[in-house]
file query16.pdb (PDB, C-alpha atoms)
ATOM      1  CA  MET A  12      -3.825  -7.741  15.417
ATOM      2  CA  THR A  13      -2.685 -11.288  15.974
ATOM      3  CA  ASN A  14       0.692 -12.200  17.469
ATOM      4  CA  ILE A  15       2.340 -15.423  16.370
ATOM      5  CA  THR A  16       5.736 -16.981  17.028
ATOM      6  CA  PHE A  17       7.738 -17.501  13.863
ATOM      7  CA  HIS A  18      11.276 -18.946  14.054
ATOM      8  CA  GLY A  19      11.421 -18.072  17.767
ATOM      9  CA  LYS A  20      10.397 -14.463  17.199
ATOM     10  CA  THR A  21       7.044 -12.869  18.113
ATOM     11  CA  VAL A  22       5.518 -11.360  14.998
ATOM     12  CA  CYS A  23       2.325  -9.361  14.701
ATOM     13  CA  MET A  24       0.067  -9.889  11.730
ATOM     14  CA  MET A  25      -2.062  -6.875  10.855
ATOM     15  CA  ASN A  26      -4.882  -6.614   8.375
ATOM     16  CA  VAL A  27      -6.150  -3.070   7.990
ATOM     17  CA  GLU A  28      -8.907  -2.116   5.570
ATOM     18  CA  ALA A  29     -10.746   0.999   4.421
ATOM     19  CA  SER A  30     -13.239   1.753   1.648
ATOM     20  CA  PHE A  31     -13.924   5.002  -0.178
ATOM     21  CA  GLU A  32     -16.662   6.171  -2.537
ATOM     22  CA  ALA A  33     -15.337   8.184  -5.470
ATOM     23  CA  PRO A  34     -17.270  10.452  -7.876
ATOM     24  CA  CYS A  35     -15.532   9.148 -11.006
ATOM     25  CA  THR A  36     -15.476   6.190 -13.343
ATOM     26  CA  PRO A  37     -13.790   2.978 -12.220
ATOM     27  CA  GLU A  38     -11.351   3.455 -15.119
ATOM     28  CA  LEU A  39     -10.185   6.830 -13.797
ATOM     29  CA  LEU A  40      -9.901   5.558 -10.233
ATOM     30  CA  PHE A  41      -7.954   2.502 -11.379
ATOM     31  CA  SER A  42      -5.550   4.709 -13.367
ATOM     32  CA  ILE A  43      -4.630   6.356 -10.063
ATOM     33  CA  VAL A  44      -3.957   3.117  -8.151
ATOM     34  CA  GLU A  45      -2.351   0.954 -10.839
ATOM     35  CA  ASP A  46       0.982   2.819 -10.580
ATOM     36  CA  LEU A  47       2.499   3.007  -7.108
ATOM     37  CA  GLY A  48       3.990   6.399  -7.969
ATOM     38  CA  ASN A  49       0.437   7.773  -8.405
ATOM     39  CA  ILE A  50      -0.566   6.607  -4.921
ATOM     40  CA  THR A  51       1.967   8.518  -2.830
ATOM     41  CA  PRO A  52       0.444  12.011  -3.385
ATOM     42  CA  TRP A  53      -2.794  11.007  -1.634
ATOM     43  CA  LEU A  54      -1.937   8.040   0.611
ATOM     44  CA  ASP A  55       0.131   9.438   3.501
ATOM     45  CA  LEU A  56       1.017   5.902   4.525
ATOM     46  CA  LEU A  57       3.403   5.873   1.549
ATOM     47  CA  GLY A  58       5.985   8.604   1.922
ATOM     48  CA  GLY A  59       7.367   8.064  -1.571
ATOM     49  CA  ALA A  60       7.778   5.578  -4.405
ATOM     50  CA  GLU A  61      10.307   5.506  -7.231
ATOM     51  CA  PRO A  62      10.727   2.864  -9.951
ATOM     52  CA  SER A  63      13.161   0.144  -8.909
ATOM     53  CA  PRO A  64      15.402  -1.981 -11.138
ATOM     54  CA  ALA A  65      13.840  -5.262 -12.176
ATOM     55  CA  ASP A  66      14.768  -8.587 -10.677
ATOM     56  CA  PRO A  67      14.339 -11.797 -12.731
ATOM     57  CA  ALA A  68      11.921 -13.083 -10.072
ATOM     58  CA  ASP A  69       9.617 -10.037 -10.369
ATOM     59  CA  THR A  70       6.161 -10.671 -11.809
ATOM     60  CA  GLY A  71       5.542  -6.996 -12.558
ATOM     61  CA  PRO A  72       7.045  -3.528 -12.214
ATOM     62  CA  ALA A  73       8.838  -2.672  -8.966
ATOM     63  CA  TRP A  74       9.178   0.458  -6.845
ATOM     64  CA  GLY A  75      11.364   1.474  -3.979
ATOM     65  CA  ALA A  76       8.824   2.755  -1.470
ATOM     66  CA  THR A  77       8.834   4.291   1.976
ATOM     67  CA  PHE A  78       6.100   3.398   4.443
ATOM     68  CA  ALA A  79       5.675   6.290   6.873
ATOM     69  CA  ILE A  80       3.682   5.825  10.085
ATOM     70  CA  LYS A  81       3.086   8.854  12.324
ATOM     71  CA  LEU A  82       3.397   8.075  16.041
ATOM     72  CA  GLY A  83       2.478  11.380  17.681
ATOM     73  CA  PRO A  84       5.217  13.886  16.844
ATOM     74  CA  LEU A  85       7.482  11.132  15.457
ATOM     75  CA  THR A  86       7.366   9.367  12.107
ATOM     76  CA  LYS A  87       8.525   5.751  11.792
ATOM     77  CA  THR A  88       9.674   4.965   8.256
ATOM     78  CA  LYS A  89      10.572   1.734   6.526
ATOM     79  CA  ASP A  90      12.067   1.531   3.059
ATOM     80  CA  VAL A  91      10.841  -1.477   1.133
ATOM     81  CA  ARG A  92      10.856  -2.730  -2.430
ATOM     82  CA  LEU A  93       7.312  -3.383  -3.685
ATOM     83  CA  VAL A  94       6.438  -5.369  -6.800
ATOM     84  CA  ARG A  95       3.045  -5.231  -8.486
ATOM     85  CA  ILE A  96       2.097  -8.914  -8.398
ATOM     86  CA  VAL A  97      -1.524  -8.564  -9.577
ATOM     87  CA  HIS A  98      -2.811  -6.214 -12.259
ATOM     88  CA  SER A  99      -6.385  -6.888 -13.374
ATOM     89  CA  PRO A 100      -7.276  -3.800 -15.442
ATOM     90  CA  HIS A 101     -10.012  -1.625 -13.925
ATOM     91  CA  THR A 102     -10.502  -3.881 -10.882
ATOM     92  CA  ASP A 103      -7.543  -5.180  -8.841
ATOM     93  CA  VAL A 104      -3.955  -4.302  -8.137
ATOM     94  CA  VAL A 105      -1.702  -5.869  -5.500
ATOM     95  CA  TYR A 106       1.740  -4.676  -4.426
ATOM     96  CA  GLU A 107       3.917  -6.964  -2.317
ATOM     97  CA  ARG A 108       7.312  -6.631  -0.694
ATOM     98  CA  HIS A 109      10.045  -8.397  -2.667
ATOM     99  CA  GLU A 110      13.607  -7.500  -1.668
ATOM    100  CA  PHE A 111      16.750  -8.230  -3.643
ATOM    101  CA  PRO A 112      18.713 -11.119  -2.133
ATOM    102  CA  ILE A 113      21.685  -9.871  -0.102
ATOM    103  CA  GLU A 114      24.437 -12.179   1.050
ATOM    104  CA  GLY A 115      24.011 -13.047   4.708
ATOM    105  CA  ARG A 116      20.348 -12.038   4.858
ATOM    106  CA  ASP A 117      17.583 -14.625   4.916
ATOM    107  CA  VAL A 118      14.898 -13.171   2.638
ATOM    108  CA  ALA A 119      12.340 -15.471   4.292
ATOM    109  CA  GLN A 120      12.867 -13.555   7.562
ATOM    110  CA  ILE A 121      11.888 -10.177   6.071
ATOM    111  CA  ALA A 122       8.505  -8.890   7.227
ATOM    112  CA  MET A 123       5.824  -9.041   4.574
ATOM    113  CA  TRP A 124       3.999  -5.941   3.376
ATOM    114  CA  ARG A 125       1.077  -6.258   0.980
ATOM    115  CA  LEU A 126      -1.056  -3.417  -0.353
ATOM    116  CA  THR A 127      -4.222  -4.497  -2.199
ATOM    117  CA  MET A 128      -6.557  -2.097  -3.971
ATOM    118  CA  THR A 129      -9.864  -3.124  -5.511
ATOM    119  CA  VAL A 130     -11.967  -0.798  -7.653
ATOM    120  CA  SER A 131     -15.655  -1.445  -8.311
ATOM    121  CA  PRO A 132     -18.458   0.484  -9.997
ATOM    122  CA  THR A 133     -21.194   2.096  -7.884
ATOM    123  CA  ASP A 134     -24.313   4.122  -8.675
ATOM    124  CA  ALA A 135     -22.391   7.301  -7.715
ATOM    125  CA  GLY A 136     -19.253   6.425  -9.715
ATOM    126  CA  SER A 137     -16.859   3.961  -8.142
ATOM    127  CA  ALA A 138     -15.511   2.585  -4.891
ATOM    128  CA  LEU A 139     -11.983   1.818  -3.740
ATOM    129  CA  HIS A 140     -11.278  -0.847  -1.150
ATOM    130  CA  VAL A 141      -7.769  -0.659   0.330
ATOM    131  CA  HIS A 142      -6.272  -3.517   2.325
ATOM    132  CA  VAL A 143      -2.865  -3.316   4.026
ATOM    133  CA  PHE A 144      -1.267  -6.457   5.423
ATOM    134  CA  TYR A 145       1.848  -6.264   7.577
ATOM    135  CA  GLY A 146       3.532  -9.341   8.985
ATOM    136  CA  GLY A 147       6.293  -7.910  11.156
ATOM    137  CA  ASP A 148       7.008  -6.753  14.662
ATOM    138  CA  ALA A 149       8.612  -3.337  14.144
ATOM    139  CA  LEU A 150       5.507  -1.190  14.571
ATOM    140  CA  GLY A 151       4.340  -2.200  18.032
ATOM    141  CA  ASP A 152       0.861  -2.645  19.488
ATOM    142  CA  MET A 153      -0.544   0.739  18.417
ATOM    143  CA  ALA A 154       0.197   0.188  14.729
ATOM    144  CA  GLU A 155      -3.133  -1.294  13.690
ATOM    145  CA  GLY A 156      -5.128   1.692  14.942
ATOM    146  CA  ILE A 157      -2.615   4.118  13.458
ATOM    147  CA  LEU A 158      -2.700   2.369  10.071
ATOM    148  CA  THR A 159      -6.506   2.431  10.067
ATOM    149  CA  LYS A 160      -6.510   6.153  10.884
ATOM    150  CA  GLU A 161      -3.932   6.869   8.144
ATOM    151  CA  LEU A 162      -6.021   5.037   5.557
ATOM    152  CA  LYS A 163      -9.256   6.798   6.487
ATOM    153  CA  LYS A 164      -7.721  10.270   6.532
ATOM    154  CA  SER A 165      -6.406   9.824   2.977
ATOM    155  CA  ARG A 166      -9.883  10.119   1.431
ATOM    156  CA  PRO A 167      -9.869  13.956   1.032
ATOM    157  CA  ALA A 168      -6.491  13.826  -0.736
ATOM    158  CA  LEU A 169      -7.777  11.058  -3.031
ATOM    159  CA  LEU A 170     -10.838  13.165  -3.916
ATOM    160  CA  LYS A 171      -8.562  16.139  -4.626
ATOM    161  CA  GLU A 172      -6.454  13.979  -6.988
ATOM    162  CA  ILE A 173      -9.612  12.761  -8.758
ATOM    163  CA  LYS A 174     -10.830  16.339  -9.228
ATOM    164  CA  ARG A 175      -7.425  17.369 -10.565
ATOM    165  CA  ARG A 176      -7.461  14.566 -13.118
ATOM    166  CA  ILE A 177     -11.029  15.327 -14.191
ATOM    167  CA  SER A 178     -10.192  19.013 -14.698
ATOM    168  CA  VAL A 179      -7.189  18.269 -16.953
ATOM    169  CA  SER A 180      -9.008  15.757 -19.138
TER     170      SER A 180
END

call {"tool": "encode", "arguments": {"input": "query16.pdb", "output": "structure tokens"}}
result
Amino acid sequence: MTNITFHGKTVCMMNVEASFEAPCTPELLFSIVEDLGNITPWLDLLGGAEPSPADPADTGPAWGATFAIKLGPLTKTKDVRLVRIVHSPHTDVVYERHEFPIEGRDVAQIAMWRLTMTVSPTDAGSALHVHVFYGGDALGDMAEGILTKELKKSRPALLKEIKRRISVS
């Protein structure tokens, strides 16, 4: 984690990454990550995601999403609006925070969230590389370790979702 001063405010910049092997085709794995609504059942970091109304500035579909970080017995949540800004079929998808402008709020001061998922073929099926970027100060010093743990513990739920999809096809 790196702390920087931005407009007189200390902001932490976190880059958290995790990779998973998956016993399925890259096409199947990508079908799970290309829609933010499909991600919430297996990625505990996202407590929910529902389609959001479009904004003329959006470059792709949008979702209202809740990031949920467990801090011991407590859960810190943050509701954000994420837009899919990159969609390269079967390989890359990127979701980024884009909020609707609200009078009196400087959109440039809103902390950035970016969720990047890259799918690649492997000898055993496919691999998923997940990268979470957070550019705010609301999560505190422990957040990077907690985010890393949350990403890594999502693998069993992802494998369960893959098995479910294989069994219904």

call {"tool": "resolve_selection", "arguments": {"input": "query16.pdb", "expression": "the PyMOL selection byres ((chain A and resi 35) around 10)", "output": "list in words"}}
result
Glu32, Ala33, Pro34, Thr36, Pro37, Glu38, Leu39, Leu40, Pro132, Thr133, Ala135, Gly136, Ser137, Ala138, Leu170, Ile173, Lys174, Arg176 and Ile177 of chain A

call {"tool": "atom_distance", "arguments": {"input": "query16.pdb", "atom1": "CA of Val141 (chain A)", "atom2": "CA of Leu126 (chain A)"}}
result
7.3 Å

call {"tool": "resolve_selection", "arguments": {"input": "query16.pdb", "expression": "the PyMOL selection byres ((chain A and resi 127) around 7)", "output": "PyMOL selection string"}}
result
chain A and resi 104-106+125-126+128-129+141-143

call {"tool": "write_last_selection", "arguments": {"input": "query16.pdb", "atoms": "C-alpha atoms", "output": "PDB file, in the frame of the given file"}}
result
ATOM      1  CA  VAL A 104      -3.955  -4.302  -8.137  1.00  0.00           C
ATOM      2  CA  VAL A 105      -1.702  -5.869  -5.500  1.00  0.00           C
ATOM      3  CA  TYR A 106       1.740  -4.676  -4.426  1.00  0.00           C
ATOM      4  CA  ARG A 125       1.077  -6.258   0.980  1.00  0.00           C
ATOM      5  CA  LEU A 126      -1.056  -3.417  -0.353  1.00  0.00           C
ATOM      6  CA  MET A 128      -6.557  -2.097  -3.971  1.00  0.00           C
ATOM      7  CA  THR A 129      -9.864  -3.124  -5.511  1.00  0.00           C
ATOM      8  CA  VAL A 141      -7.769  -0.659   0.330  1.00  0.00           C
ATOM      9  CA  HIS A 142      -6.272  -3.517   2.325  1.00  0.00           C
ATOM     10  CA  VAL A 143      -2.865  -3.316   4.026  1.00  0.00           C
TER      11      VAL A 143
END

call {"tool": "resolve_selection", "arguments": {"input": "query16.pdb", "expression": "the PyMOL selection byres ((chain A and resi 42-47) around 10)", "output": "PyMOL selection string"}}
result
chain A and resi 37-41+48-53+57+59-62+72-76+93-95+97-106+126-130+139+169+172-173+176

call {"tool": "write_last_selection", "arguments": {"input": "query16.pdb", "atoms": "C-alpha atoms", "output": "compact mmCIF listing (two decimals), in the frame of the given file"}}
result
# COMPACT_ATOMS: atom_id res chain seq x y z
CA PRO A 37 -13.79 2.98 -12.22
CA GLU A 38 -11.35 3.46 -15.12
CA LEU A 39 -10.18 6.83 -13.80
CA LEU A 40 -9.90 5.56 -10.23
CA PHE A 41 -7.95 2.50 -11.38
CA GLY A 48 3.99 6.40 -7.97
CA ASN A 49 0.44 7.77 -8.40
CA ILE A 50 -0.57 6.61 -4.92
CA THR A 51 1.97 8.52 -2.83
CA PRO A 52 0.44 12.01 -3.38
CA TRP A 53 -2.79 11.01 -1.63
CA LEU A 57 3.40 5.87 1.55
CA GLY A 59 7.37 8.06 -1.57
CA ALA A 60 7.78 5.58 -4.40
CA GLU A 61 10.31 5.51 -7.23
CA PRO A 62 10.73 2.86 -9.95
CA PRO A 72 7.04 -3.53 -12.21
CA ALA A 73 8.84 -2.67 -8.97
CA TRP A 74 9.18 0.46 -6.84
CA GLY A 75 11.36 1.47 -3.98
CA ALA A 76 8.82 2.76 -1.47
CA LEU A 93 7.31 -3.38 -3.68
CA VAL A 94 6.44 -5.37 -6.80
CA ARG A 95 3.04 -5.23 -8.49
CA VAL A 97 -1.52 -8.56 -9.58
CA HIS A 98 -2.81 -6.21 -12.26
CA SER A 99 -6.38 -6.89 -13.37
CA PRO A 100 -7.28 -3.80 -15.44
CA HIS A 101 -10.01 -1.62 -13.92
CA THR A 102 -10.50 -3.88 -10.88
CA ASP A 103 -7.54 -5.18 -8.84
CA VAL A 104 -3.96 -4.30 -8.14
CA VAL A 105 -1.70 -5.87 -5.50
CA TYR A 106 1.74 -4.68 -4.43
CA LEU A 126 -1.06 -3.42 -0.35
CA THR A 127 -4.22 -4.50 -2.20
CA MET A 128 -6.56 -2.10 -3.97
CA THR A 129 -9.86 -3.12 -5.51
CA VAL A 130 -11.97 -0.80 -7.65
CA LEU A 139 -11.98 1.82 -3.74
CA LEU A 169 -7.78 11.06 -3.03
CA GLU A 172 -6.45 13.98 -6.99
CA ILE A 173 -9.61 12.76 -8.76
CA ARG A 176 -7.46 14.57 -13.12

call {"tool": "residues_around", "arguments": {"input": "query16.pdb", "residues": "Ala29 (chain A)", "least_positions_apart": "2", "cutoff": "8 Å", "atoms": "only C-alpha atoms", "output": "PyMOL selection string"}}
result
chain A and resi 27+31+140-142+159+162-163

call {"tool": "write_last_selection", "arguments": {"input": "query16.pdb", "atoms": "C-alpha atoms", "output": "PDB file, in the coordinates of the input"}}
result
ATOM      1  CA  VAL A  27      -6.150  -3.070   7.990  1.00  0.00           C
ATOM      2  CA  PHE A  31     -13.924   5.002  -0.178  1.00  0.00           C
ATOM      3  CA  HIS A 140     -11.278  -0.847  -1.150  1.00  0.00           C
ATOM      4  CA  VAL A 141      -7.769  -0.659   0.330  1.00  0.00           C
ATOM      5  CA  HIS A 142      -6.272  -3.517   2.325  1.00  0.00           C
ATOM      6  CA  THR A 159      -6.506   2.431  10.067  1.00  0.00           C
ATOM      7  CA  LEU A 162      -6.021   5.037   5.557  1.00  0.00           C
ATOM      8  CA  LYS A 163      -9.256   6.798   6.487  1.00  0.00           C
TER       9      LYS A 163
END

call {"tool": "atom_distance", "arguments": {"input": "query16.pdb", "atom1": "CA of Tyr145 (chain A)", "atom2": "CA of Leu158 (chain A)"}}
result
10.1 Å

call {"tool": "axis_aligned_box", "arguments": {"input": "query16.pdb", "around": "region 43-62 of chain A", "padding_each_side": "5 Å", "output": "AutoDock Vina command-line options"}}
result
--center_x 3.0 --center_y 6.5 --center_z -3.2 --size_x 25.4 --size_y 21.1 --size_z 25.4

call {"tool": "closest_residue", "arguments": {"input": "query16.pdb", "among": "A:Arg108, A:Lys160, A:Lys81, A:Arg166", "to": "Asp69 (chain A)", "atoms": "all atoms listed in the file"}}
result
A:Arg108

call {"tool": "atom_distance", "arguments": {"input": "query16.pdb", "atom1": "CA of Glu155 (chain A)", "atom2": "CA of Ser63 (chain A)"}}
result
27.9 Å

call {"tool": "closest_residue", "arguments": {"input": "query16.pdb", "among": "A:Asp90, A:Asp55, A:Glu110, A:Glu28", "to": "Ala68 (chain A)", "atoms": "only C-alpha atoms"}}
result
A:Glu110
